[in-house]
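Below is the file input.cif, which contains mmCIF, C-alpha atoms.
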data_my_file
#
loop_
_atom_site.label_atom_id
_atom_site.label_comp_id
_atom_site.auth_asym_id
_atom_site.auth_seq_id
_atom_site.Cartn_x
_atom_site.Cartn_y
_atom_site.Cartn_z
CA MET Z 5 0.83 -63.02 -41.19
CA LYS Z 6 -1.84 -65.69 -41.10
CA ARG Z 7 -3.60 -64.10 -44.09
CA LEU Z 8 -0.35 -64.16 -46.06
CA GLY Z 9 0.17 -67.78 -45.08
CA LEU Z 10 3.35 -67.11 -43.17
CA LYS Z 11 4.21 -69.01 -40.04
CA PRO Z 12 6.19 -67.32 -37.31
CA SER Z 13 8.58 -70.21 -36.61
CA LEU Z 14 11.79 -70.31 -38.59
CA ASN Z 15 12.41 -73.90 -37.49
CA ASP Z 16 9.30 -75.08 -39.37
CA PRO Z 17 10.52 -76.84 -42.56
CA ARG Z 18 7.41 -75.68 -44.38
CA TRP Z 19 7.82 -72.00 -43.31
CA GLY Z 20 6.99 -69.68 -46.17
CA SER Z 21 5.61 -72.43 -48.41
CA ASP Z 22 2.13 -72.25 -49.94
CA LYS Z 23 1.79 -75.99 -50.26
CA LYS Z 24 -0.64 -77.88 -48.12
CA ASP Z 25 0.32 -80.54 -45.67
CA GLY Z 26 1.34 -83.78 -47.31
CA GLU Z 27 2.82 -82.25 -50.47
CA PRO Z 28 6.55 -82.59 -51.09
CA GLN Z 29 8.72 -79.61 -50.45
CA ALA Z 30 12.28 -78.69 -51.07
CA ASN Z 31 13.19 -78.85 -47.43
CA GLU Z 32 11.04 -81.86 -46.67
CA GLY Z 33 12.82 -84.56 -44.77
CA LYS Z 34 15.07 -82.11 -42.91
CA LYS Z 35 14.88 -82.04 -39.23
CA PRO Z 36 14.44 -78.69 -37.43
CA GLY Z 37 17.73 -77.05 -36.69
CA GLU Z 38 19.73 -79.03 -39.28
CA GLY Z 39 20.20 -75.93 -41.53
CA PRO Z 40 18.72 -72.61 -42.65
CA PRO Z 41 15.84 -72.60 -45.15
CA ASP Z 42 16.31 -71.67 -48.77
CA MET Z 43 16.30 -67.83 -48.76
CA GLU Z 44 15.53 -67.47 -52.46
CA GLN Z 45 12.53 -69.73 -52.17
CA LEU Z 46 11.35 -67.78 -49.12
CA TRP Z 47 11.70 -64.50 -51.03
CA ARG Z 48 9.73 -65.82 -53.99
CA ASP Z 49 7.02 -67.15 -51.74
CA PHE Z 50 6.79 -63.82 -49.95
CA ASN Z 51 6.41 -61.94 -53.24
CA GLN Z 52 3.71 -64.31 -54.39
CA ARG Z 53 1.76 -63.89 -51.23
CA LEU Z 54 2.15 -60.12 -51.43
CA ASN Z 55 0.96 -60.04 -55.06
CA SER Z 56 -2.03 -62.18 -54.25
CA PHE Z 57 -2.83 -59.90 -51.29
CA PHE Z 58 -2.93 -56.84 -53.59
CA GLY Z 59 -4.95 -58.71 -56.23
CA GLN Z 60 -2.21 -59.08 -58.84
CA LYS Z 61 -2.05 -62.10 -61.10
CA LYS Z 62 0.87 -64.46 -61.14
CA GLY Z 63 3.24 -64.27 -64.04
CA PRO Z 64 4.25 -67.17 -66.17
CA GLU Z 65 5.84 -69.93 -64.30
CA GLY Z 66 9.53 -70.17 -64.51
CA PRO Z 67 11.71 -73.19 -64.54
CA ASN Z 68 11.77 -73.31 -60.78
CA ASN Z 69 7.99 -73.49 -60.66
CA GLY Z 70 7.60 -76.19 -63.34
CA GLY Z 71 6.77 -73.97 -66.35
CA PRO Z 72 8.69 -72.91 -69.38
CA ALA Z 73 10.58 -69.69 -69.19
CA GLY Z 74 10.09 -67.57 -72.31
CA PRO Z 75 12.56 -65.00 -73.51
CA GLY Z 76 10.18 -62.03 -72.89
CA ALA Z 77 8.70 -63.15 -69.60
CA PRO Z 78 9.45 -60.90 -66.62
CA ARG Z 79 11.42 -62.23 -63.81
CA PRO Z 80 9.24 -63.07 -60.82
CA ASP Z 81 11.59 -61.49 -58.27
CA MET Z 82 11.54 -58.08 -60.05
CA ALA Z 83 7.73 -57.94 -60.10
CA GLY Z 84 7.58 -58.74 -56.43
CA MET Z 85 10.10 -56.04 -55.63
CA ARG Z 86 8.06 -53.47 -57.55
CA ALA Z 87 4.91 -54.44 -55.67
CA THR Z 88 6.72 -54.26 -52.37
CA ALA Z 89 8.14 -50.84 -53.20
CA GLY Z 90 4.67 -49.56 -54.14
CA ALA Z 91 3.19 -50.79 -50.89
CA ILE Z 92 5.98 -49.22 -48.93
CA GLY Z 93 5.48 -45.94 -50.84
CA VAL Z 94 1.78 -45.91 -50.04
CA VAL Z 95 2.43 -46.49 -46.36
CA ALA Z 96 5.12 -43.81 -46.35
CA ALA Z 97 2.75 -41.36 -48.03
CA LEU Z 98 0.10 -42.03 -45.41
CA ILE Z 99 2.63 -41.57 -42.63
CA TRP Z 100 3.87 -38.35 -44.27
CA LEU Z 101 0.34 -36.95 -44.49
CA ALA Z 102 -0.39 -37.97 -40.90
CA SER Z 103 2.70 -36.07 -39.73
CA GLY Z 104 0.90 -32.83 -40.57
CA SER Z 105 -1.60 -33.23 -37.75
CA PHE Z 106 -0.98 -31.47 -34.41
CA ILE Z 107 -2.95 -30.69 -31.24
CA VAL Z 108 -3.10 -27.26 -29.61
CA GLN Z 109 -3.84 -27.27 -25.88
CA GLU Z 110 -6.21 -24.90 -24.10
CA GLY Z 111 -4.60 -21.51 -23.43
CA GLN Z 112 -2.24 -21.92 -26.40
CA THR Z 113 -2.19 -20.65 -29.97
CA GLY Z 114 -0.84 -22.57 -32.93
CA ILE Z 115 1.19 -20.77 -35.61
CA VAL Z 116 1.55 -22.39 -39.04
CA TYR Z 117 4.53 -21.52 -41.28
CA THR Z 118 4.48 -22.01 -45.06
CA PHE Z 119 8.06 -22.27 -46.34
CA GLY Z 120 9.17 -20.39 -43.22
CA LYS Z 121 6.62 -17.59 -43.50
CA VAL Z 122 3.65 -17.26 -41.13
CA SER Z 123 0.49 -18.20 -43.00
CA HIS Z 124 -2.16 -18.38 -40.30
CA THR Z 125 -2.84 -19.13 -36.64
CA THR Z 126 -5.02 -21.84 -35.14
CA GLY Z 127 -7.01 -22.17 -31.95
CA SER Z 128 -7.04 -24.95 -29.40
CA GLY Z 129 -7.95 -28.47 -30.52
CA PHE Z 130 -6.95 -30.85 -33.33
CA ASN Z 131 -5.46 -29.18 -36.42
CA TRP Z 132 -3.79 -30.25 -39.65
CA ARG Z 133 -1.27 -28.66 -41.96
CA TRP Z 134 0.74 -29.74 -44.96
CA PRO Z 135 3.68 -31.84 -43.78
CA TYR Z 136 7.33 -30.94 -44.02
CA PRO Z 137 8.86 -29.34 -46.06
CA PHE Z 138 5.81 -27.40 -47.15
CA GLN Z 139 4.53 -26.27 -43.75
CA SER Z 140 5.55 -26.38 -40.11
CA ASP Z 141 3.85 -25.43 -36.85
CA GLU Z 142 4.68 -23.99 -33.43
CA THR Z 143 2.54 -23.57 -30.31
CA VAL Z 144 2.78 -20.55 -27.99
CA LYS Z 145 1.28 -20.22 -24.49
CA VAL Z 146 -0.68 -16.97 -24.54
CA SER Z 147 -2.51 -17.27 -21.20
CA GLN Z 148 0.57 -18.02 -19.13
CA MET Z 149 1.86 -15.27 -16.82
CA ARG Z 150 5.55 -14.85 -17.57
CA MET Z 151 8.15 -13.15 -15.39
CA VAL Z 152 11.65 -11.77 -15.81
CA GLU Z 153 13.94 -10.82 -12.94
CA ILE Z 154 16.22 -7.78 -13.03
CA GLY Z 155 19.03 -7.38 -10.53
CA TYR Z 156 18.81 -10.95 -9.19
CA ARG Z 157 18.17 -14.52 -10.29
CA GLY Z 158 15.86 -16.77 -8.32
CA ASN Z 159 16.54 -15.09 -4.95
CA VAL Z 160 17.23 -11.49 -3.94
CA LYS Z 161 20.45 -12.67 -2.29
CA ASN Z 162 21.74 -13.82 -5.68
CA LYS Z 163 22.38 -10.30 -6.91
CA GLN Z 164 23.44 -9.20 -10.37
CA ALA Z 165 25.38 -6.01 -9.67
CA ARG Z 166 25.60 -5.07 -13.34
CA GLU Z 167 21.80 -4.82 -13.51
CA SER Z 168 20.91 -3.64 -10.01
CA LEU Z 169 23.24 -0.65 -9.42
CA MET Z 170 21.69 2.62 -10.64
CA LEU Z 171 22.49 6.32 -10.42
CA THR Z 172 19.96 8.79 -8.95
CA ASP Z 173 19.42 12.45 -9.73
CA ASP Z 174 21.44 13.58 -6.67
CA GLU Z 175 24.46 11.51 -7.83
CA ASN Z 176 23.95 8.65 -5.39
CA ILE Z 177 24.11 4.94 -6.23
CA ILE Z 178 21.17 2.75 -5.34
CA ASP Z 179 20.77 -1.04 -5.46
CA MET Z 180 17.40 -2.19 -6.86
CA GLN Z 181 16.01 -5.68 -7.56
CA PHE Z 182 12.61 -5.98 -9.17
CA ALA Z 183 10.48 -8.39 -11.17
CA VAL Z 184 8.33 -7.78 -14.25
CA GLN Z 185 5.23 -9.88 -14.94
CA PHE Z 186 3.84 -9.90 -18.47
CA LYS Z 187 1.58 -11.77 -20.87
CA LEU Z 188 1.46 -12.15 -24.64
CA LYS Z 189 -1.10 -10.15 -26.58
CA ASP Z 190 0.24 -11.01 -30.05
CA PRO Z 191 2.01 -14.41 -30.34
CA VAL Z 192 3.04 -13.81 -33.96
CA ALA Z 193 4.79 -10.55 -33.08
CA TRP Z 194 6.31 -12.24 -30.02
CA LEU Z 195 7.97 -14.91 -32.19
CA MET Z 196 8.75 -12.98 -35.34
CA ASN Z 197 9.84 -9.55 -34.02
CA ASN Z 198 12.12 -10.69 -31.18
CA ARG Z 199 15.40 -12.49 -31.46
CA ASP Z 200 15.57 -13.34 -27.73
CA GLU Z 201 12.15 -12.65 -26.24
CA GLU Z 202 12.80 -12.66 -22.48
CA ASP Z 203 16.13 -10.90 -22.85
CA THR Z 204 14.36 -8.16 -24.82
CA VAL Z 205 11.87 -7.62 -22.00
CA ARG Z 206 14.69 -7.61 -19.45
CA GLN Z 207 16.68 -5.00 -21.32
CA VAL Z 208 13.62 -2.80 -21.80
CA ALA Z 209 12.83 -3.06 -18.07
CA GLU Z 210 16.38 -2.16 -17.10
CA THR Z 211 16.43 0.81 -19.47
CA SER Z 212 13.06 2.10 -18.25
CA ILE Z 213 13.80 1.94 -14.54
CA ARG Z 214 17.21 3.55 -14.99
CA GLU Z 215 15.52 6.47 -16.72
CA ILE Z 216 12.90 6.82 -13.95
CA VAL Z 217 15.44 6.51 -11.12
CA GLY Z 218 17.79 8.98 -12.79
CA LYS Z 219 15.08 11.67 -12.59
CA ASN Z 220 14.44 11.33 -8.81
CA LYS Z 221 16.32 11.79 -5.58
CA MET Z 222 17.66 8.87 -3.57
CA ASP Z 223 15.42 9.42 -0.53
CA TYR Z 224 12.36 9.66 -2.77
CA VAL Z 225 13.14 6.33 -4.44
CA LEU Z 226 13.91 4.61 -1.13
CA TYR Z 227 10.87 5.71 0.85
CA GLU Z 228 7.84 7.66 -0.30
CA GLY Z 229 8.22 7.23 -4.08
CA ARG Z 230 8.57 3.44 -4.47
CA ASP Z 231 5.04 2.82 -5.73
CA LYS Z 232 5.20 5.73 -8.13
CA VAL Z 233 8.57 4.58 -9.50
CA ALA Z 234 7.13 1.10 -10.17
CA TYR Z 235 4.06 2.55 -11.89
CA GLU Z 236 6.07 4.92 -14.10
CA THR Z 237 8.43 2.07 -15.02
CA GLN Z 238 5.49 -0.09 -16.10
CA GLN Z 239 4.07 2.69 -18.28
CA LEU Z 240 7.42 3.43 -19.92
CA MET Z 241 8.09 -0.28 -20.57
CA GLN Z 242 4.71 -0.71 -22.27
CA LEU Z 243 5.39 2.34 -24.44
CA ILE Z 244 8.78 1.03 -25.60
CA LEU Z 245 7.56 -2.53 -26.21
CA ASP Z 246 4.62 -1.27 -28.25
CA ARG Z 247 7.03 0.82 -30.29
CA TYR Z 248 9.09 -2.33 -30.94
CA ALA Z 249 5.89 -4.31 -31.84
CA SER Z 250 6.98 -7.07 -29.49
CA GLY Z 251 3.47 -8.35 -28.70
CA VAL Z 252 3.94 -8.02 -24.91
CA LEU Z 253 1.44 -6.74 -22.33
CA ILE Z 254 3.06 -5.66 -19.03
CA SER Z 255 0.92 -6.71 -16.07
CA ASN Z 256 2.91 -5.59 -13.04
CA VAL Z 257 6.28 -4.29 -11.87
CA THR Z 258 7.20 -5.35 -8.33
CA LEU Z 259 10.16 -3.83 -6.46
CA GLN Z 260 11.72 -6.64 -4.42
CA ALA Z 261 14.56 -4.74 -2.69
CA VAL Z 262 15.56 -1.07 -2.80
CA GLN Z 263 18.60 -0.15 -0.72
CA PRO Z 264 22.02 1.49 -0.88
CA PRO Z 265 25.01 -0.62 -1.99
CA GLU Z 266 26.40 -3.07 0.55
CA GLN Z 267 29.71 -1.21 0.73
CA VAL Z 268 28.09 1.90 2.22
CA GLN Z 269 25.13 0.25 3.97
CA VAL Z 270 26.52 0.84 7.50
CA ALA Z 271 27.31 4.49 6.86
CA PHE Z 272 23.93 4.98 5.24
CA ASP Z 273 22.19 3.43 8.25
CA ASP Z 274 24.07 5.82 10.53
CA ALA Z 275 23.05 8.75 8.36
CA VAL Z 276 19.45 7.57 8.41
CA LYS Z 277 19.53 7.25 12.21
CA ALA Z 278 21.04 10.73 12.50
CA GLY Z 279 18.30 12.10 10.26
CA GLN Z 280 15.67 10.35 12.34
CA ASP Z 281 17.18 11.77 15.54
CA LEU Z 282 17.18 15.21 13.95
CA GLU Z 283 13.53 14.86 13.04
CA ARG Z 284 12.72 13.61 16.53
CA GLN Z 285 14.51 16.56 18.13
CA LYS Z 286 12.68 18.94 15.82
CA ASN Z 287 9.38 17.35 16.68
CA GLU Z 288 10.07 17.54 20.40
CA GLY Z 289 11.15 21.19 20.11
CA GLN Z 290 8.08 21.97 18.06
CA ALA Z 291 5.87 20.24 20.60
CA TYR Z 292 7.48 22.22 23.44
CA ALA Z 293 7.09 25.44 21.46
CA ASN Z 294 3.47 24.60 20.75
CA ASP Z 295 2.94 24.14 24.48
CA VAL Z 296 4.89 27.16 25.77
CA ILE Z 297 4.19 29.82 23.16
CA PRO Z 298 0.39 29.76 23.50
CA LYS Z 299 0.71 29.94 27.29
CA ALA Z 300 3.13 32.86 27.07
CA ARG Z 301 0.89 34.63 24.60
CA GLY Z 302 -2.11 34.07 26.83
CA TYR Z 303 -0.24 35.30 29.89
CA ALA Z 304 0.97 38.38 27.98
CA SER Z 305 -2.53 39.04 26.74
CA ARG Z 306 -3.89 38.70 30.27
CA LEU Z 307 -1.28 41.13 31.60
CA LEU Z 308 -2.12 43.61 28.86
CA GLN Z 309 -5.81 43.32 29.61
CA GLU Z 310 -5.22 43.72 33.35
CA ALA Z 311 -3.01 46.74 32.73
CA GLU Z 312 -5.64 48.21 30.43
CA ALA Z 313 -8.30 47.57 33.05
CA TYR Z 314 -6.16 49.15 35.77
CA ARG Z 315 -5.47 52.13 33.56
CA SER Z 316 -9.15 52.50 32.81
CA MET Z 317 -10.01 52.12 36.50
CA VAL Z 318 -7.44 54.70 37.61
CA THR Z 319 -8.48 57.08 34.88
CA GLU Z 320 -12.17 56.74 35.70
CA ASN Z 321 -11.53 57.07 39.44
CA ALA Z 322 -9.45 60.16 38.90
CA THR Z 323 -12.10 61.59 36.61
CA GLY Z 324 -14.82 60.79 39.14
CA ASN Z 325 -12.83 62.23 42.03
CA ALA Z 326 -12.16 65.41 40.07
CA SER Z 327 -15.83 65.70 39.15
CA ARG Z 328 -16.88 65.10 42.76
CA PHE Z 329 -14.34 67.64 44.03
CA LYS Z 330 -15.74 70.19 41.62
CA GLN Z 331 -19.24 69.46 42.86
CA VAL Z 332 -18.12 69.73 46.50
CA LEU Z 333 -16.32 72.95 45.71
CA THR Z 334 -19.50 74.34 44.22
CA GLU Z 335 -21.48 73.37 47.32
CA TYR Z 336 -18.74 74.64 49.63
CA GLN Z 337 -18.84 78.00 47.99
CA LYS Z 338 -22.57 78.10 48.66
CA ALA Z 339 -22.46 76.88 52.36
CA PRO Z 340 -18.98 76.44 53.75
CA GLY Z 341 -19.99 75.34 57.28
CA VAL Z 342 -22.45 72.73 56.21
CA THR Z 343 -20.05 71.39 53.65
CA ARG Z 344 -17.26 71.09 56.21
CA ASP Z 345 -19.50 69.22 58.70
CA ARG Z 346 -20.76 66.94 55.97
CA MET Z 347 -17.24 66.18 54.83
CA TYR Z 348 -16.24 65.50 58.42
CA LEU Z 349 -19.15 63.16 59.02
CA GLU Z 350 -18.59 61.25 55.79
CA THR Z 351 -14.92 60.88 56.61
CA MET Z 352 -15.62 59.59 60.12
CA GLN Z 353 -18.30 57.24 58.70
CA GLN Z 354 -15.76 55.74 56.34
CA ILE Z 355 -13.24 55.36 59.14
CA TYR Z 356 -15.60 53.78 61.66
CA SER Z 357 -17.26 51.51 59.14
CA SER Z 358 -14.05 49.48 58.81
CA ALA Z 359 -12.98 49.58 62.50
CA SER Z 360 -14.21 47.87 65.69
CA LYS Z 361 -16.35 50.11 67.91
CA VAL Z 362 -15.75 50.37 71.64
CA MET Z 363 -18.12 52.54 73.68
CA VAL Z 364 -16.78 53.93 77.00
CA ASP Z 365 -18.95 55.78 79.52
CA ALA Z 366 -16.54 57.99 81.41
CA LYS Z 367 -19.13 60.15 83.20
CA SER Z 368 -21.23 57.47 84.95
CA GLY Z 369 -18.20 55.94 86.68
CA SER Z 370 -19.62 52.39 86.24
CA ASN Z 371 -17.55 49.28 85.93
CA LEU Z 372 -18.62 48.90 82.26
CA LEU Z 373 -15.52 50.02 80.44
CA TYR Z 374 -16.22 48.85 76.80
CA LEU Z 375 -19.02 47.59 74.71
CA PRO Z 376 -18.15 45.68 71.50
CA LEU Z 377 -20.96 46.74 69.22
CA ASP Z 378 -19.79 44.65 66.27
CA LYS Z 379 -20.07 41.47 68.27
CA LEU Z 380 -23.49 42.48 69.55
CA ILE Z 381 -24.65 43.19 66.01
CA ALA Z 382 -23.28 39.83 64.84
CA GLN Z 383 -25.01 38.13 67.78
CA ALA Z 384 -28.27 39.87 66.92
CA ALA Z 385 -27.92 38.81 63.29
CA ALA Z 386 -27.33 35.22 64.36
CA THR Z 387 -30.35 35.40 66.62
CA ASP Z 388 -32.48 36.74 63.78
CA ALA Z 389 -31.30 33.93 61.50
CA THR Z 390 -32.12 31.32 64.13
CA ALA Z 391 -35.56 32.85 64.63
CA ALA Z 392 -36.20 32.84 60.89
CA GLN Z 393 -35.32 29.17 60.73
CA ALA Z 394 -37.61 28.44 63.65
CA ARG Z 395 -40.46 30.34 62.00
CA ALA Z 396 -39.95 28.40 58.81
CA ALA Z 397 -39.89 25.12 60.72
CA GLN Z 398 -42.75 25.67 63.22
CA ALA Z 399 -44.67 28.49 61.51
CA SER Z 400 -44.87 30.28 64.86
CA PRO Z 401 -44.18 33.99 65.59
CA PRO Z 402 -40.53 34.64 66.41
CA PRO Z 403 -39.55 35.76 69.91
CA VAL Z 404 -38.80 39.45 70.45
CA ALA Z 405 -35.11 40.07 70.80
CA THR Z 406 -34.25 42.23 73.84
CA LEU Z 407 -30.98 43.69 74.69
CA PRO Z 408 -29.40 42.97 78.06
CA SER Z 409 -29.72 45.51 80.87
CA GLU Z 410 -26.05 46.38 80.54
CA VAL Z 411 -26.61 47.58 76.98
CA MET Z 412 -29.41 50.03 77.76
CA PRO Z 413 -27.31 52.79 79.49
CA SER Z 414 -24.82 52.69 76.62
CA VAL Z 415 -27.61 53.10 74.06
CA GLU Z 416 -28.99 56.08 76.00
CA VAL Z 417 -25.51 57.62 76.16
CA THR Z 418 -25.20 57.16 72.43
CA ARG Z 419 -28.51 58.92 71.88
CA GLN Z 420 -27.45 61.75 74.17
CA ARG Z 421 -24.20 62.13 72.25
CA ASP Z 422 -26.09 62.09 68.97
CA SER Z 423 -28.33 64.91 70.25
CA ARG Z 424 -25.35 66.89 71.34
CA SER Z 425 -23.66 66.35 68.00
CA ARG Z 426 -26.81 67.61 66.26
CA GLU Z 427 -26.90 70.70 68.46
CA SER Z 428 -23.24 71.43 67.78
CA GLY Z 429 -23.98 70.95 64.07
CA ARG Z 430 -26.76 73.55 64.29
CA ASP Z 431 -24.38 75.98 66.00
CA ARG Z 432 -21.83 75.51 63.27
CA GLU Z 433 -24.46 76.06 60.62
CA GLY Z 434 -25.50 79.30 62.38
CA ARG Z 435 -21.92 80.45 62.33
#

What's the structure tokens form of this structure?
Amino acid sequence: MKRLGLKPSLNDPRWGSDKKDGEPQANEGKKPGEGPPDMEQLWRDFNQRLNSFFGQKKGPEGPNNGGPAGPGAPRPDMAGMRATAGAIGVVAALIWLASGSFIVQEGQTGIVYTFGKVSHTTGSGFNWRWPYPFQSDETVKVSQMRMVEIGYRGNVKNKQARESLMLTDDENIIDMQFAVQFKLKDPVAWLMNNRDEEDTVRQVAETSIREIVGKNKMDYVLYEGRDKVAYETQQLMQLILDRYASGVLISNVTLQAVQPPEQVQVAFDDAVKAGQDLERQKNEGQAYANDVIPKARGYASRLLQEAEAYRSMVTENATGNASRFKQVLTEYQKAPGVTRDRMYLETMQQIYSSASKVMVDAKSGSNLLYLPLDKLIAQAAATDATAAQARAAQASPPPVATLPSEVMPSVEVTRQRDSRSRESGRDREGR
């Protein structure tokens, strides 16, 4: 404004004039605020200043400027208007060219359209294109993780029954809410091949999971097969989206809630509890069977082995007794008397070996009526054991054990009886 010679105050009587101070003016002598300035004079002054700024020469002076006005001279106001329009056009052209610049942020891709058709893509940073209407641009976030929700919106409690209810292979209805996370691998295909991008991904996800759920049983989808259902849904979604050339890369499928419909939730819980009780009863019965059956089999095997051993023992004893009887019969045929005495002695030896012995001397008429030999033998054995311990402790010769005086007559009687039994045995052998 200073370079053009314009003053900002409209109350200045010399506003817009190119005359120096002290020169007469048209509005000279008027006080500020008495009236508006001459608009035509202001317009002419503005055009002159603008022409001088762009280096144009002044035209011939007109009658208002003190010069003669010829018939072919251009009007000063028309020349100023043309200069003003040219300046405005230049500024507008610069602004129009500057409108073609755009900035692409990190993690984004710029797409440039030429008359509505994709011409090329740009990376992050400052870029320029031809302004409208020749070219236009659009930026797409390619590194952002996007997500669509199926069966709910924002919260699993905000259900969308039309999307979440699905039919299983065993003709049961199941309520599923899940989320799909994806990224863009081709921004051009994402913008040009999809009418509604997120709705396309949502419909593909719903179609894929309905196909997977429809091939499996309800219990499989609810419990052991949840991870596999999510994985198969992700693979099928990627296959369909690649077939559509949608430019989408599926990252993950997350099952948020998998359950029966609310209308049958109570009955389903009761059925699940009954199934769990059935499994628990089966497990308890199996545990009891695993505990009892091996014991019963072991007991039966032990009884069979004992019976087999008893049978073998009885058979062997019978065989041995028969063989011994045949041997005795052979010997008896050779010497009947000796065989009978030997059999008698062996029988008596077996009888007396398991019975207590009491010796009675009926001929001497003494007061000694019985003599417990088994106790005397046990006492002698105890005495021998004590003597052995004493020898081991003192390394001295053991004392000689002597029988009491009451025992001696009985021993002599026993010897006499043994001699008589031998004599009677000789007589029997002679016979």

Inset, instruction - Tell me, as a PyMOL selection string, which residues lie within 7 Å of range 229-243 of chain Z, counting only C-alpha atoms; anything in the same chain fewer than 4 positions away does not count. - result: chain Z and resi 208-209+212-213+216+224-225+247+253-254+256-259

Take the residues from that selection and write them out as a PDB file, in the coordinates of the input, keeping C-alpha atoms.
ATOM      1  CA  VAL Z 208      13.620  -2.800 -21.800  1.00  0.00           C
ATOM      2  CA  ALA Z 209      12.830  -3.060 -18.070  1.00  0.00           C
ATOM      3  CA  SER Z 212      13.060   2.100 -18.250  1.00  0.00           C
ATOM      4  CA  ILE Z 213      13.800   1.940 -14.540  1.00  0.00           C
ATOM      5  CA  ILE Z 216      12.900   6.820 -13.950  1.00  0.00           C
ATOM      6  CA  TYR Z 224      12.360   9.660  -2.770  1.00  0.00           C
ATOM      7  CA  VAL Z 225      13.140   6.330  -4.440  1.00  0.00           C
ATOM      8  CA  ARG Z 247       7.030   0.820 -30.290  1.00  0.00           C
ATOM      9  CA  LEU Z 253       1.440  -6.740 -22.330  1.00  0.00           C
ATOM     10  CA  ILE Z 254       3.060  -5.660 -19.030  1.00  0.00           C
ATOM     11  CA  ASN Z 256       2.910  -5.590 -13.040  1.00  0.00           C
ATOM     12  CA  VAL Z 257       6.280  -4.290 -11.870  1.00  0.00           C
ATOM     13  CA  THR Z 258       7.200  -5.350  -8.330  1.00  0.00           C
ATOM     14  CA  LEU Z 259      10.160  -3.830  -6.460  1.00  0.00           C
TER      15      LEU Z 259
END

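Here CA of Pro191 in chain Z and CA of Gly158 in chain Z stand 26.1 Å from one another.
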
Please write as a short mmCIF file (atom, residue, chain, number, x, y, z; two decimals) with C-alpha atoms, keeping the file's coordinate frame the full residue list that the PyMOL selection byres ((chain Z and resi 108-115) around 6) yields on this file.
data_model
loop_
_atom_site.label_atom_id
_atom_site.label_comp_id
_atom_site.auth_asym_id
_atom_site.auth_seq_id
_atom_site.Cartn_x
_atom_site.Cartn_y
_atom_site.Cartn_z
CA ILE Z 107 -2.95 -30.69 -31.24
CA VAL Z 116 1.55 -22.39 -39.04
CA THR Z 125 -2.84 -19.13 -36.64
CA THR Z 126 -5.02 -21.84 -35.14
CA GLY Z 127 -7.01 -22.17 -31.95
CA SER Z 128 -7.04 -24.95 -29.40
CA GLY Z 129 -7.95 -28.47 -30.52
CA ASP Z 141 3.85 -25.43 -36.85
CA GLU Z 142 4.68 -23.99 -33.43
CA THR Z 143 2.54 -23.57 -30.31
CA VAL Z 144 2.78 -20.55 -27.99
CA LYS Z 145 1.28 -20.22 -24.49
CA VAL Z 146 -0.68 -16.97 -24.54
CA SER Z 147 -2.51 -17.27 -21.20
#

Inset, instruction - Would you mind reading off the distance between CA of Lys161 in chain Z and CA of Gln260 in chain Z, one decimal, in Å? - result: 10.8 Å

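Coordinates place CA of Ser327 in chain Z at a distance of 19.5 Å from CA of Tyr314 in chain Z.
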
Legend entry - Which of Z:Gln181, Z:Ser123, Z:Gln148, Z:Thr172 sits closest to Ala261 in chain Z [using all atoms listed in the file]: Z:Gln181

Legend entry - Cut-off 9 Å around (3.9, -14.1, -31.2) with all atoms listed in the file: residues as a PyMOL selection string: chain Z and resi 115+144+146+188-198+250-252

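Remark: for Ile177 in chain Z, the closest of the candidate residues Z:Gly279, Z:Pro264, Z:Pro137, Z:Gly289 is Z:Pro264 (distances computed over only C-alpha atoms).
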
How would range 325-348 of chain Z of the given structure read as a file with C-alpha atoms, as an mmCIF file, in the first residue's frame?
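Resulting contents of out32.cif:
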data_model
loop_
_atom_site.group_PDB
_atom_site.id
_atom_site.type_symbol
_atom_site.label_atom_id
_atom_site.label_comp_id
_atom_site.auth_asym_id
_atom_site.auth_seq_id
_atom_site.Cartn_x
_atom_site.Cartn_y
_atom_site.Cartn_z
ATOM 1 C CA ASN Z 325 2.563 -143.350 47.374
ATOM 2 C CA ALA Z 326 1.712 -145.840 44.644
ATOM 3 C CA SER Z 327 5.376 -146.163 43.697
ATOM 4 C CA ARG Z 328 6.382 -146.606 47.340
ATOM 5 C CA PHE Z 329 3.632 -149.196 47.884
ATOM 6 C CA LYS Z 330 4.900 -151.124 44.894
ATOM 7 C CA GLN Z 331 8.415 -151.014 46.291
ATOM 8 C CA VAL Z 332 7.196 -152.139 49.735
ATOM 9 C CA LEU Z 333 5.185 -154.889 48.115
ATOM 10 C CA THR Z 334 8.281 -156.075 46.319
ATOM 11 C CA GLU Z 335 10.261 -156.112 49.573
ATOM 12 C CA TYR Z 336 7.382 -157.731 51.464
ATOM 13 C CA GLN Z 337 7.273 -160.540 48.996
ATOM 14 C CA LYS Z 338 10.970 -161.094 49.631
ATOM 15 C CA ALA Z 339 10.866 -160.885 53.517
ATOM 16 C CA PRO Z 340 7.392 -160.562 54.961
ATOM 17 C CA GLY Z 341 8.398 -160.504 58.656
ATOM 18 C CA VAL Z 342 11.069 -157.899 58.323
ATOM 19 C CA THR Z 343 8.831 -155.760 56.198
ATOM 20 C CA ARG Z 344 6.007 -155.928 58.740
ATOM 21 C CA ASP Z 345 8.327 -154.950 61.636
ATOM 22 C CA ARG Z 346 9.815 -152.139 59.611
ATOM 23 C CA MET Z 347 6.386 -150.842 58.703
ATOM 24 C CA TYR Z 348 5.356 -151.048 62.343
#
